[in-house]
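Chemist: Next up, input.txt (compact mmCIF, C-alpha atoms).
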```txt
# COMPACT_ATOMS: atom_id res chain seq x y z
CA MET A 1 17.51 -15.42 18.61
CA ALA A 2 13.91 -16.39 19.27
CA TYR A 3 12.23 -19.45 17.80
CA HIS A 4 8.51 -20.02 17.51
CA ASN A 5 6.35 -23.12 17.28
CA ILE A 6 3.74 -22.44 14.66
CA ILE A 7 0.87 -24.43 13.19
CA PHE A 8 -0.91 -23.68 9.92
CA THR A 9 -2.61 -25.41 7.02
CA LEU A 10 -0.67 -25.67 3.80
CA ASN A 11 -2.69 -26.69 0.75
CA GLY A 12 -5.29 -28.20 3.07
CA GLU A 13 -2.87 -30.20 5.24
CA ALA A 14 -2.18 -29.33 8.89
CA GLU A 15 1.50 -28.56 9.50
CA ALA A 16 3.61 -27.71 12.55
CA VAL A 17 7.13 -26.28 12.34
CA VAL A 18 9.62 -24.36 14.43
CA VAL A 19 10.83 -21.14 12.81
CA PRO A 20 13.23 -18.37 13.83
CA SER A 21 11.73 -14.86 14.10
CA HIS A 22 13.38 -13.54 10.99
CA MET A 23 12.51 -16.42 8.65
CA THR A 24 10.26 -15.28 5.80
CA LEU A 25 7.25 -17.27 4.67
CA LEU A 26 9.07 -17.78 1.37
CA GLN A 27 12.07 -19.32 3.13
CA MET A 28 9.85 -21.54 5.24
CA LEU A 29 7.99 -22.84 2.18
CA ARG A 30 11.11 -23.51 0.15
CA GLU A 31 13.60 -24.55 2.81
CA GLU A 32 11.52 -26.08 5.63
CA MET A 33 8.56 -27.49 3.71
CA VAL A 34 10.62 -28.15 0.54
CA MET A 35 7.77 -26.76 -1.54
CA THR A 36 9.89 -25.17 -4.23
CA GLY A 37 7.06 -24.23 -6.60
CA THR A 38 7.05 -20.78 -4.99
CA LYS A 39 10.02 -18.86 -6.39
CA ASN A 40 12.45 -16.34 -4.93
CA GLY A 41 12.88 -13.48 -7.39
CA CYS A 42 13.52 -9.97 -6.11
CA ALA A 43 12.88 -10.52 -2.37
CA ALA A 44 11.46 -6.99 -2.30
CA GLY A 45 7.77 -7.38 -3.19
CA GLU A 46 8.13 -6.25 -6.78
CA CYS A 47 8.32 -9.32 -9.03
CA GLY A 48 5.56 -11.49 -7.57
CA ALA A 49 7.36 -14.81 -8.18
CA CYS A 50 6.82 -15.68 -4.51
CA THR A 51 3.06 -14.97 -4.48
CA VAL A 52 1.00 -17.35 -2.33
CA LEU A 53 -2.47 -17.21 -0.81
CA LEU A 54 -2.62 -16.27 2.87
CA ASN A 55 -6.20 -16.82 4.09
CA GLY A 56 -7.33 -16.67 0.47
CA GLU A 57 -5.62 -13.39 -0.39
CA PRO A 58 -2.46 -13.20 -2.51
CA VAL A 59 0.63 -11.90 -0.70
CA ASN A 60 4.33 -11.64 -1.53
CA SER A 61 5.71 -14.41 0.68
CA CYS A 62 9.14 -12.70 0.71
CA LEU A 63 7.55 -9.89 2.75
CA VAL A 64 5.65 -12.02 5.26
CA LEU A 65 7.28 -13.58 8.31
CA ALA A 66 6.77 -17.31 8.76
CA VAL A 67 5.80 -16.69 12.38
CA GLU A 68 2.97 -14.41 11.23
CA CYS A 69 1.36 -17.46 9.61
CA ASP A 70 0.68 -19.17 12.94
CA GLY A 71 -2.93 -20.38 12.82
CA GLN A 72 -3.41 -19.22 9.21
CA GLU A 73 -4.28 -20.94 5.97
CA LEU A 74 -1.77 -21.06 3.11
CA VAL A 75 -2.12 -22.15 -0.50
CA THR A 76 0.83 -22.41 -2.89
CA VAL A 77 0.94 -23.33 -6.56
CA GLU A 78 1.29 -26.96 -5.47
CA GLY A 79 -2.23 -26.68 -4.03
CA LEU A 80 -3.96 -25.68 -7.26
CA ALA A 81 -4.04 -29.06 -9.02
CA HIS A 82 -6.24 -31.80 -7.59
CA ASP A 83 -6.22 -35.58 -8.19
CA SER A 84 -3.50 -35.22 -10.85
CA GLN A 85 -5.75 -32.83 -12.75
CA LEU A 86 -4.49 -29.34 -13.48
CA ASP A 87 -6.64 -26.48 -12.28
CA PRO A 88 -8.60 -25.18 -15.32
CA LEU A 89 -6.57 -21.99 -15.05
CA GLN A 90 -3.30 -23.97 -15.31
CA GLN A 91 -4.64 -25.85 -18.32
CA ALA A 92 -5.74 -22.63 -20.02
CA LEU A 93 -2.36 -20.99 -19.42
CA VAL A 94 -0.55 -23.97 -20.95
CA GLU A 95 -2.84 -23.98 -23.99
CA ALA A 96 -2.46 -20.23 -24.54
CA GLY A 97 1.34 -20.49 -24.50
CA GLY A 98 1.48 -18.37 -21.36
CA VAL A 99 4.29 -20.49 -19.90
CA GLN A 100 7.76 -20.06 -21.33
CA CYS A 101 10.71 -20.26 -18.92
CA GLY A 102 8.14 -20.85 -16.18
CA PHE A 103 9.78 -18.90 -13.37
CA CYS A 104 6.95 -16.39 -13.00
CA THR A 105 4.24 -19.00 -13.60
CA PRO A 106 3.55 -20.07 -9.98
CA GLY A 107 3.06 -16.46 -8.92
CA VAL A 108 0.97 -15.64 -11.99
CA LEU A 109 -1.25 -18.65 -11.31
CA ILE A 110 -1.83 -17.66 -7.69
CA SER A 111 -2.63 -14.02 -8.56
CA ALA A 112 -4.90 -15.08 -11.42
CA ARG A 113 -6.64 -17.77 -9.36
CA ALA A 114 -7.37 -15.16 -6.67
CA LEU A 115 -8.69 -12.77 -9.33
CA LEU A 116 -11.07 -15.37 -10.76
CA ASP A 117 -12.22 -16.28 -7.26
CA ARG A 118 -13.20 -12.67 -6.49
CA ASN A 119 -14.28 -11.74 -10.03
CA PRO A 120 -15.24 -14.75 -12.20
CA HIS A 121 -15.77 -12.62 -15.33
CA PRO A 122 -12.88 -10.14 -15.50
CA THR A 123 -12.21 -7.80 -18.41
CA GLU A 124 -8.79 -7.70 -20.03
CA ALA A 125 -8.09 -4.52 -18.00
CA ASP A 126 -9.06 -6.36 -14.78
CA VAL A 127 -6.63 -9.17 -15.62
CA ARG A 128 -3.80 -6.77 -16.40
CA ALA A 129 -4.45 -4.82 -13.18
CA ALA A 130 -4.50 -8.03 -11.11
CA LEU A 131 -1.17 -9.13 -12.62
CA VAL A 132 0.68 -5.81 -12.21
CA GLY A 133 2.70 -7.39 -9.43
CA ASN A 134 3.79 -10.43 -11.46
CA LEU A 135 6.70 -9.68 -13.74
CA CYS A 136 7.35 -11.94 -16.73
CA ARG A 137 10.42 -11.48 -18.91
CA CYS A 138 9.47 -14.02 -21.60
CA THR A 139 5.91 -13.83 -22.81
CA GLY A 140 5.27 -10.12 -23.20
CA TYR A 141 2.16 -10.85 -21.10
CA VAL A 142 -0.26 -11.16 -24.05
CA ARG A 143 -0.48 -14.94 -23.85
CA ILE A 144 -0.75 -14.90 -20.07
CA VAL A 145 -3.69 -12.50 -20.28
CA ASP A 146 -5.24 -14.61 -23.05
CA GLY A 147 -4.90 -17.72 -20.88
CA VAL A 148 -6.58 -16.13 -17.85
CA LEU A 149 -9.43 -14.80 -20.00
CA ALA A 150 -9.86 -18.23 -21.61
CA ALA A 151 -10.04 -19.84 -18.17
CA ALA A 152 -12.70 -17.32 -17.14
CA GLU A 153 -14.75 -18.05 -20.26
CA ARG A 154 -14.69 -21.79 -19.63
CA ALA A 155 -15.73 -21.53 -16.01
CA MET B 1 22.07 -2.08 -2.38
CA HIS B 2 21.09 -5.46 -3.74
CA ASN B 3 21.00 -8.64 -1.72
CA PRO B 4 20.19 -11.67 -3.85
CA THR B 5 19.42 -13.91 -0.88
CA PRO B 6 15.89 -14.01 0.43
CA GLY B 7 16.91 -13.80 4.08
CA LEU B 8 16.46 -11.06 6.63
CA PRO B 9 19.02 -10.16 9.31
CA ALA B 10 18.29 -11.75 12.68
CA PHE B 11 15.77 -10.04 14.96
CA ASP B 12 13.21 -11.10 17.54
CA TYR B 13 9.53 -11.09 16.64
CA ILE B 14 7.41 -9.75 19.47
CA LYS B 15 3.63 -10.21 19.59
CA PRO B 16 2.34 -8.26 22.58
CA ALA B 17 -1.02 -9.11 24.13
CA SER B 18 -2.14 -5.51 24.56
CA LEU B 19 -1.41 -1.97 23.39
CA ARG B 20 -0.11 -1.17 26.84
CA GLU B 21 2.37 -4.03 26.69
CA ALA B 22 3.39 -3.03 23.16
CA SER B 23 4.04 0.61 24.10
CA GLN B 24 5.98 -0.42 27.20
CA PHE B 25 8.17 -2.77 25.21
CA LEU B 26 8.82 -0.18 22.50
CA MET B 27 9.58 2.50 25.09
CA ALA B 28 12.00 0.21 26.95
CA HIS B 29 13.86 -0.75 23.77
CA GLY B 30 14.10 2.68 22.15
CA ASP B 31 15.93 2.66 18.82
CA THR B 32 16.36 -1.12 18.76
CA ALA B 33 12.64 -1.84 18.42
CA ARG B 34 10.02 -0.81 15.90
CA PRO B 35 6.33 -1.56 15.46
CA PHE B 36 5.31 -2.97 12.10
CA MET B 37 2.08 -3.51 10.19
CA GLY B 38 2.21 -5.16 6.76
CA GLY B 39 6.00 -5.10 6.62
CA THR B 40 6.06 -4.09 2.96
CA ASP B 41 8.58 -1.33 3.69
CA THR B 42 10.01 -2.67 6.93
CA PHE B 43 11.29 -5.99 5.58
CA VAL B 44 12.78 -4.41 2.45
CA ARG B 45 14.67 -1.86 4.57
CA MET B 46 15.80 -4.55 7.02
CA ARG B 47 17.00 -6.78 4.21
CA ASP B 48 18.89 -3.91 2.57
CA GLY B 49 20.57 -2.99 5.85
CA PHE B 50 19.03 0.47 6.23
CA TRP B 51 17.15 -0.55 9.37
CA ARG B 52 18.89 -2.69 11.98
CA GLU B 53 16.23 -3.14 14.66
CA LYS B 54 16.71 -6.07 17.03
CA HIS B 55 13.00 -6.36 17.83
CA LEU B 56 10.04 -6.06 15.51
CA VAL B 57 6.77 -5.61 17.35
CA ASP B 58 3.69 -6.93 15.56
CA VAL B 59 0.75 -4.71 16.49
CA LYS B 60 -1.76 -5.54 13.79
CA HIS B 61 -3.85 -7.93 15.91
CA LEU B 62 -4.38 -5.44 18.76
CA ASP B 63 -7.66 -3.75 19.78
CA GLY B 64 -9.42 -1.78 17.07
CA MET B 65 -6.61 -2.16 14.58
CA ASN B 66 -8.75 -3.97 12.00
CA THR B 67 -12.06 -2.11 12.04
CA ILE B 68 -13.54 0.35 9.56
CA ALA B 69 -16.39 2.34 11.09
CA PHE B 70 -18.44 5.15 9.55
CA ASP B 71 -20.64 7.37 11.69
CA PRO B 72 -22.78 9.88 9.75
CA GLU B 73 -22.35 12.37 12.62
CA ILE B 74 -18.59 12.02 13.07
CA GLY B 75 -16.99 10.53 9.99
CA LEU B 76 -14.75 7.58 9.24
CA THR B 77 -12.44 5.77 11.64
CA MET B 78 -10.10 3.22 10.17
CA GLY B 79 -7.93 0.88 12.22
CA ALA B 80 -4.22 1.19 11.52
CA ALA B 81 -3.91 -2.42 10.32
CA VAL B 82 -6.67 -2.19 7.71
CA ASN B 83 -4.94 -3.15 4.49
CA MET B 84 -5.27 -1.16 1.28
CA ASN B 85 -7.35 -3.76 -0.55
CA ARG B 86 -9.91 -3.51 2.24
CA VAL B 87 -9.92 0.28 1.87
CA ILE B 88 -10.48 -0.07 -1.89
CA ALA B 89 -13.34 -2.56 -1.37
CA SER B 90 -14.98 -0.81 1.59
CA PRO B 91 -18.55 0.37 0.85
CA GLU B 92 -18.21 3.10 3.52
CA VAL B 93 -15.00 4.42 2.00
CA ASN B 94 -16.39 4.36 -1.53
CA ALA B 95 -19.63 6.08 -0.49
CA HIS B 96 -18.14 8.87 1.60
CA TYR B 97 -14.37 9.11 0.92
CA PRO B 98 -13.84 7.76 -2.62
CA LEU B 99 -10.59 9.73 -2.91
CA LEU B 100 -9.02 7.38 -0.33
CA ALA B 101 -9.97 4.31 -2.37
CA GLN B 102 -8.75 5.94 -5.58
CA ALA B 103 -5.36 6.80 -4.07
CA ALA B 104 -4.96 3.36 -2.48
CA GLY B 105 -5.72 1.78 -5.86
CA THR B 106 -2.58 3.35 -7.34
CA VAL B 107 -0.28 1.66 -4.82
CA ALA B 108 1.99 -1.08 -6.17
CA SER B 109 0.22 -4.38 -6.87
CA TYR B 110 -2.76 -6.33 -5.54
CA GLN B 111 -0.59 -8.70 -3.52
CA LEU B 112 1.37 -5.84 -1.98
CA ARG B 113 -1.87 -4.06 -1.08
CA SER B 114 -3.05 -7.23 0.72
CA ARG B 115 -0.47 -6.30 3.34
CA ALA B 116 0.25 -2.59 2.93
CA THR B 117 -1.64 -0.16 5.16
CA ILE B 118 -2.43 3.55 4.88
CA VAL B 119 -1.20 4.18 8.41
CA GLY B 120 2.04 2.29 7.73
CA ASN B 121 2.48 4.43 4.62
CA ILE B 122 2.12 7.56 6.78
CA CYS B 123 4.30 6.35 9.66
CA ASN B 124 7.18 5.55 7.33
CA GLY B 125 7.30 9.25 6.55
CA SER B 126 7.89 8.80 2.86
CA PRO B 127 7.34 11.98 0.85
CA ALA B 128 6.20 9.68 -1.98
CA GLY B 129 3.32 7.91 -0.23
CA ASP B 130 0.38 7.67 -2.63
CA THR B 131 -2.28 7.69 0.08
CA THR B 132 -0.72 10.40 2.25
CA GLY B 133 -2.01 13.27 0.09
CA ALA B 134 -5.60 12.00 0.32
CA CYS B 135 -5.23 11.70 4.10
CA ILE B 136 -3.91 15.28 4.30
CA VAL B 137 -6.65 16.90 2.19
CA LEU B 138 -9.32 14.85 4.01
CA GLN B 139 -7.85 16.18 7.30
CA GLY B 140 -6.95 12.77 8.69
CA LEU B 141 -6.21 12.58 12.39
CA LEU B 142 -3.85 9.94 13.78
CA HIS B 143 -4.83 8.24 17.04
CA ILE B 144 -1.71 7.35 18.99
CA HIS B 145 -1.23 5.07 21.97
CA SER B 146 1.81 5.63 24.17
CA VAL B 147 2.94 4.82 27.70
CA ASP B 148 1.48 8.16 28.77
CA GLY B 149 -1.98 7.40 27.38
CA THR B 150 -3.58 8.29 24.08
CA ARG B 151 -3.41 11.42 21.96
CA THR B 152 -4.20 12.57 18.45
CA GLU B 153 -1.93 14.21 15.89
CA SER B 154 -2.99 16.08 12.79
CA LEU B 155 -0.99 15.39 9.64
CA ASP B 156 -0.19 19.11 9.22
CA ASN B 157 2.87 18.96 11.48
CA PHE B 158 3.46 15.20 11.50
CA PHE B 159 6.22 14.89 8.91
CA LEU B 160 9.70 16.19 9.77
CA GLY B 161 11.78 14.90 6.85
CA PRO B 162 12.26 11.82 4.68
CA GLY B 163 11.49 8.87 6.99
CA LYS B 164 11.15 11.21 9.99
CA THR B 165 7.94 11.95 11.85
CA VAL B 166 6.97 13.29 15.27
CA LEU B 167 6.43 9.72 16.55
CA GLN B 168 8.51 8.84 19.62
CA PRO B 169 9.56 5.45 21.03
CA GLY B 170 6.51 3.79 22.55
CA ASP B 171 4.10 5.54 20.18
CA ILE B 172 1.77 3.24 18.27
CA VAL B 173 -0.68 4.67 15.76
CA THR B 174 -3.86 2.70 16.33
CA ALA B 175 -6.19 4.38 13.84
CA ILE B 176 -6.73 7.25 11.46
CA SER B 177 -10.00 9.15 11.50
CA PHE B 178 -11.48 11.54 8.98
CA PRO B 179 -14.10 14.21 9.73
CA LEU B 180 -17.11 14.54 7.42
CA PRO B 181 -15.85 16.45 4.39
CA PRO B 182 -17.66 19.69 3.48
CA GLN B 183 -20.50 18.91 1.07
CA PRO B 184 -20.56 18.75 -1.88
CA TRP B 185 -16.90 18.00 -2.38
CA THR B 186 -14.91 16.17 -4.99
CA GLY B 187 -11.31 15.13 -5.18
CA CYS B 188 -8.77 13.40 -7.33
CA TYR B 189 -5.27 11.96 -7.18
CA ILE B 190 -3.08 12.14 -10.26
CA LYS B 191 0.01 9.99 -10.12
CA LEU B 192 2.84 10.19 -12.58
CA GLY B 193 4.76 6.91 -12.66
CA ARG B 194 7.12 5.34 -15.15
CA ASN B 195 4.40 2.79 -15.89
CA ALA B 196 0.64 3.19 -16.05
CA LEU B 197 0.31 1.03 -12.92
CA GLY B 198 2.43 -0.30 -10.13
CA ASP B 199 5.37 2.11 -9.87
CA LEU B 200 6.25 4.64 -7.18
CA ALA B 201 5.19 8.22 -7.89
CA ILE B 202 7.59 10.52 -9.75
CA VAL B 203 5.08 13.21 -8.86
CA GLY B 204 1.71 12.81 -7.16
CA VAL B 205 -0.92 15.55 -6.97
CA THR B 206 -3.99 15.31 -4.74
CA ALA B 207 -6.72 17.92 -5.04
CA LEU B 208 -9.96 18.37 -3.12
CA GLY B 209 -12.43 21.20 -3.70
CA TYR B 210 -15.78 22.36 -2.34
CA PRO B 211 -18.05 25.43 -2.47
CA ASP B 212 -17.47 27.86 0.41
CA ALA B 213 -19.34 31.17 0.68
CA THR B 214 -16.62 32.60 2.95
CA ALA B 215 -14.03 32.39 0.18
CA LYS B 216 -13.86 35.27 -2.33
CA SER B 217 -13.93 32.82 -5.23
CA GLY B 218 -16.81 30.91 -3.65
CA TYR B 219 -14.69 27.76 -3.50
CA ARG B 220 -11.89 26.30 -1.46
CA PHE B 221 -9.30 23.83 -2.60
CA ARG B 222 -6.93 21.67 -0.60
CA LEU B 223 -3.87 20.40 -2.42
CA ALA B 224 -1.11 17.95 -1.48
CA LEU B 225 2.00 17.09 -3.47
CA ALA B 226 3.98 13.84 -3.29
CA SER B 227 7.62 13.09 -4.18
CA VAL B 228 8.62 16.72 -4.67
CA ALA B 229 9.89 17.85 -1.25
CA PRO B 230 11.43 16.24 1.86
CA VAL B 231 7.90 15.83 3.24
CA PRO B 232 4.41 15.55 1.71
CA LEU B 233 3.73 19.16 0.80
CA ARG B 234 0.63 21.35 0.94
CA PRO B 235 1.15 24.27 -1.48
CA VAL B 236 -0.64 26.88 0.61
CA ALA B 237 0.04 29.78 -1.79
CA ALA B 238 -1.72 27.89 -4.59
CA GLU B 239 -4.70 27.15 -2.33
CA THR B 240 -4.93 30.83 -1.39
CA ILE B 241 -4.92 31.92 -5.05
CA LEU B 242 -7.83 29.59 -5.74
CA ALA B 243 -9.78 30.90 -2.73
CA GLU B 244 -9.24 34.60 -3.42
CA ASN B 245 -9.68 34.97 -7.18
CA SER B 246 -12.61 34.21 -9.37
CA ILE B 247 -11.68 30.82 -10.78
CA ASP B 248 -11.06 30.41 -14.48
CA GLU B 249 -8.47 28.76 -16.68
CA ASN B 250 -5.94 31.56 -16.10
CA ILE B 251 -6.25 31.56 -12.32
CA ILE B 252 -5.85 27.77 -12.29
CA ALA B 253 -2.66 28.23 -14.30
CA VAL B 254 -1.40 30.86 -11.84
CA ALA B 255 -2.17 28.52 -8.92
CA ALA B 256 -0.39 25.65 -10.68
CA GLN B 257 2.65 27.90 -11.13
CA ALA B 258 2.54 28.72 -7.40
CA ALA B 259 2.49 24.99 -6.63
CA MET B 260 5.53 24.53 -8.85
CA ASP B 261 7.32 27.38 -7.08
CA ALA B 262 6.64 25.74 -3.70
CA VAL B 263 8.36 22.43 -4.39
CA THR B 264 12.00 21.45 -3.87
CA PRO B 265 12.36 18.04 -5.53
CA ILE B 266 15.51 15.97 -5.88
CA SER B 267 16.79 14.22 -8.99
CA ASP B 268 16.79 10.45 -8.73
CA THR B 269 16.41 7.31 -10.82
CA ARG B 270 12.76 8.10 -11.49
CA GLY B 271 13.14 11.66 -12.72
CA SER B 272 15.13 14.88 -12.60
CA ALA B 273 14.28 17.75 -10.28
CA ARG B 274 13.51 19.95 -13.28
CA TYR B 275 11.12 17.41 -14.78
CA ARG B 276 9.39 17.00 -11.43
CA LYS B 277 8.92 20.74 -11.01
CA MET B 278 7.39 21.12 -14.45
CA MET B 279 5.14 18.13 -13.94
CA VAL B 280 3.93 19.57 -10.62
CA ARG B 281 2.70 22.58 -12.59
CA ASN B 282 1.09 20.50 -15.33
CA LEU B 283 -0.55 17.96 -13.04
CA THR B 284 -1.74 20.54 -10.52
CA ARG B 285 -3.43 22.38 -13.38
CA GLN B 286 -4.98 19.10 -14.53
CA ALA B 287 -6.10 18.04 -11.04
CA VAL B 288 -7.61 21.42 -10.14
CA THR B 289 -9.33 21.67 -13.53
CA ASP B 290 -10.76 18.19 -13.07
CA VAL B 291 -12.13 19.01 -9.61
CA TRP B 292 -13.30 22.47 -10.70
CA GLN B 293 -15.29 21.04 -13.60
CA LYS B 294 -17.11 18.72 -11.22
CA ILE B 295 -17.93 21.23 -8.45
CA GLY B 296 -18.18 24.38 -10.60
CA ASP B 297 -21.40 23.36 -12.38
```
Go ahead and express the file in the form of structure tokens.
Modeler:
Amino acid sequence: MAYHNIIFTLNGEAEAVVVPSHMTLLQMLREEMVMTGTKNGCAAGECGACTVLLNGEPVNSCLVLAVECDGQELVTVEGLAHDSQLDPLQQALVEAGGVQCGFCTPGVLISARALLDRNPHPTEADVRAALVGNLCRCTGYVRIVDGVLAAAERA
Amino acid sequence: MHNPTPGLPAFDYIKPASLREASQFLMAHGDTARPFMGGTDTFVRMRDGFWREKHLVDVKHLDGMNTIAFDPEIGLTMGAAVNMNRVIASPEVNAHYPLLAQAAGTVASYQLRSRATIVGNICNGSPAGDTTGACIVLQGLLHIHSVDGTRTESLDNFFLGPGKTVLQPGDIVTAISFPLPPQPWTGCYIKLGRNALGDLAIVGVTALGYPDATAKSGYRFRLALASVAPVPLRPVAAETILAENSIDENIIAVAAQAAMDAVTPISDTRGSARYRKMMVRNLTRQAVTDVWQKIGD
């Protein structure tokens, strides 16, 4: 079994780890980096709980190999808050009641953050389309969508 | 098969420095090696035990794999590793081949499309691929690198069965190119899923139409059907009906019936064979009517 030395930036910090070929990015984040904000849901690219930013674009980290991230830039939910201040999107989601059990929340935040970065003034339809790949079994989505729209209005 | 653990079975990740090296490695390792692009199908099939390759060869960084180029004399050439979100956002695609962007937009979710590729969709040989129909009606040509050199393959004879294509060990699809479509053309993709967005197609109908003085009707249509046969299907009888009869509501209905008669769907968790057949008729009628209304004026 082959191992690879890889370097990457994770939430702005330079990191170097050794990973086996078949380790997923999700496993590396949770098990090697002990960054457990990113969740393992379906492991098949359907639920979006494992969504992270790879070079600024959201990906399902269960379907990316850790070794593919050599030289790349990663952002997880842990990278959204700065100086003990929640990202405005996080704050808006909390205020809208868009967080219930919380399992989907890290993935929702990453997908929504990426949406607002590429489209600062989304419509409700834009928000729903951007979150198609983030399944939530608690909220019924209405409050999540409200939270993202509120964050966009404040920005 | 459900595996609750996030892990993949052990394999070696290979990152060749050149196409030549990649083809040689794949040739030498036959059935135990496979090239991969975004991995959105590959890793799911590996995890579920359907694929047991010992070597996965990453080819997405190789020459020309990431470029989109439009030449007004030749058409569009798209590197095999161009992901679907790039297709959807590409000004060249939207200006000259909007059907490709529309079809890609129906695939799964934004984060899946950050990795998924049109060429990967084709190479996996799924009869359900959402973008495959658009590639067929736009007469996409696959550019293939192998140990013997390079060649091109049309999509007409590319698919052999579910998950089976004419690709051989050592073959790497490096790009897909599209000729300039006949002007003025219009096209549409209608996808029936269990949800409005995000699901796989129960039935997918792609239609493209354009005026053509050599056809008796004055128009030609190209149709492609997804998820209703072992391979992506072109219902030739339906296309012929639309070329040879003056087009009206009745002829469109006859053509839609011919499309329904051409398909051989299976029943699965997403829908029964009978439902699929009937929806092929309904959606073909809808797709052709939609295109006809735009080009018929």
Chemist: Name the closest residue to chain A among the candidates B:Gly198, B:Gly140, B:Gly125, B:Pro181; distances are taken between atoms, counting all atoms listed in the file.
Modeler: B:Gly198
Chemist: Which is closest to chain A among B:Ser23, B:Thr32, B:Gln111, B:Ser18, if we use all atoms listed in the file?
Modeler: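 Smallest distance to chain A is found for B:Gln111.
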Chemist: Which chain A residues have any atom within 10 Å of an atom of chain B, and for each, what is the nearest pair of atoms with distance in Å to one decimal, counting all atoms listed in the file, rows sorted by chain and number, as a tab-separated table?
Modeler:
```
residue	atom	partner	partner_atom	distance
A:Met1	CA	B:Asp12	CA	6.2
A:Ala2	CA	B:Asp12	CA	5.6
A:Tyr3	CA	B:Asp12	CA	8.4
A:His4	CA	B:Tyr13	CA	9.0
A:Pro20	CA	B:Asp12	CA	8.2
A:Ser21	CA	B:Tyr13	CA	5.1
A:His22	CA	B:Ala10	CA	5.5
A:Met23	CA	B:Gly7	CA	6.9
A:Thr24	CA	B:Gly7	CA	7.0
A:Leu26	CA	B:Pro6	CA	7.8
A:Gln27	CA	B:Pro6	CA	7.1
A:Asn40	CA	B:Pro6	CA	6.8
A:Gly41	CA	B:Pro4	CA	8.3
A:Cys42	CA	B:Pro4	CA	7.2
A:Ala43	CA	B:Pro6	CA	5.4
A:Ala44	CA	B:Val44	CA	5.6
A:Gly45	CA	B:Leu112	CA	6.7
A:Glu46	CA	B:Ala108	CA	8.0
A:Cys47	CA	B:Ser109	CA	9.7
A:Gly48	CA	B:Gln111	CA	7.9
A:Thr51	CA	B:Gln111	CA	7.3
A:Val52	CA	B:Gln111	CA	8.9
A:Leu53	CA	B:Gln111	CA	9.1
A:Leu54	CA	B:Ser114	CA	9.3
A:Glu57	CA	B:Ser114	CA	6.8
A:Pro58	CA	B:Gln111	CA	5.0
A:Val59	CA	B:Gln111	CA	4.4
A:Asn60	CA	B:Gln111	CA	6.1
A:Ser61	CA	B:Gln111	CA	9.5
A:Cys62	CA	B:Pro6	CA	6.9
A:Leu63	CA	B:Thr40	CA	6.0
A:Val64	CA	B:Gly39	CA	7.1
A:Leu65	CA	B:Gly39	CA	8.7
A:Val67	CA	B:Tyr13	CA	8.0
A:Glu68	CA	B:Asp58	CA	8.7
A:Ile110	CA	B:Gln111	CA	10.0
A:Ser111	CA	B:Gln111	CA	7.6
A:Ala114	CA	B:Gln111	CA	9.9
A:Leu115	CA	B:Tyr110	CA	9.5
A:Arg128	CA	B:Leu197	CA	9.5
A:Ala129	CA	B:Leu197	CA	7.5
A:Ala130	CA	B:Tyr110	CA	6.1
A:Leu131	CA	B:Ser109	CA	7.6
A:Val132	CA	B:Ser109	CA	5.5
A:Gly133	CA	B:Ser109	CA	4.7
A:Asn134	CA	B:Ser109	CA	8.4
```
Chemist: Show me the residues around (-5.3, -18.1, -9.5) - criterion: an atom at most 12 Å away, all atoms listed in the file counted - as a ChimeraX atom specification.
Modeler: /A:51-53,56-58,75-81,86-93,105-120,127,130-131,144,147-149,151-152
Chemist: Need the shell around B:Leu233: protein/DNA/RNA residues with any atom at most 6 Å away, counting all atoms listed in the file. Skip same-chain ones fewer than 2 positions apart. Format as a ChimeraX atom specification?
Modeler: /B:224-225,231
Chemist: Mind checking which residues fall within 7 Å of B:Ile252, counting all atoms listed in the file, ignoring those fewer than 5 positions away in the same chain, and posting them as a ChimeraX atom specification?
Modeler: /B:247,285,288
Chemist: Could you state the separation of atom CA of A:Gly71 and atom CA of A:Leu25 in Å, given to one decimal place?
Modeler: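 These two atoms are separated by 13.4 Å.
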Chemist: Just how far from atom CA of B:Pro211 is atom CA of B:Val291, in Å to one decimal?
Modeler: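 According to the coordinates, atom CA of B:Val291 and atom CA of B:Pro211 are separated by 11.3 Å.
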Chemist: So what do you get for atom CA of B:Tyr219 versus atom CA of B:Ala101, distance-wise?
Modeler: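 Atom CA of B:Ala101 lies at a distance of 23.9 Å from atom CA of B:Tyr219.
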Chemist: Restricting the calculation to all atoms listed in the file, which member of B:Leu242, B:Ile202, B:Val236, B:Val59 is positioned closest to B:Ala80?
Modeler: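 Closest to B:Ala80, using all atoms listed in the file: B:Val59.
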Chemist: Around the point (4.1, -28.8, 7.8), in the coordinates given by the file, pick out the residues reaching within 12 Å, counting all atoms listed in the file, and return them as an NGL selection string.
Modeler: :A and (5-19 or 28-35 or 66 or 69-70 or 73-74)
Chemist: As a ChimeraX atom specification, please: the residues near B:His143 (cut-off 9 Å, all atoms listed in the file, same-chain neighbours under 4 positions excluded).
Modeler: /B:80,150-153,172-177
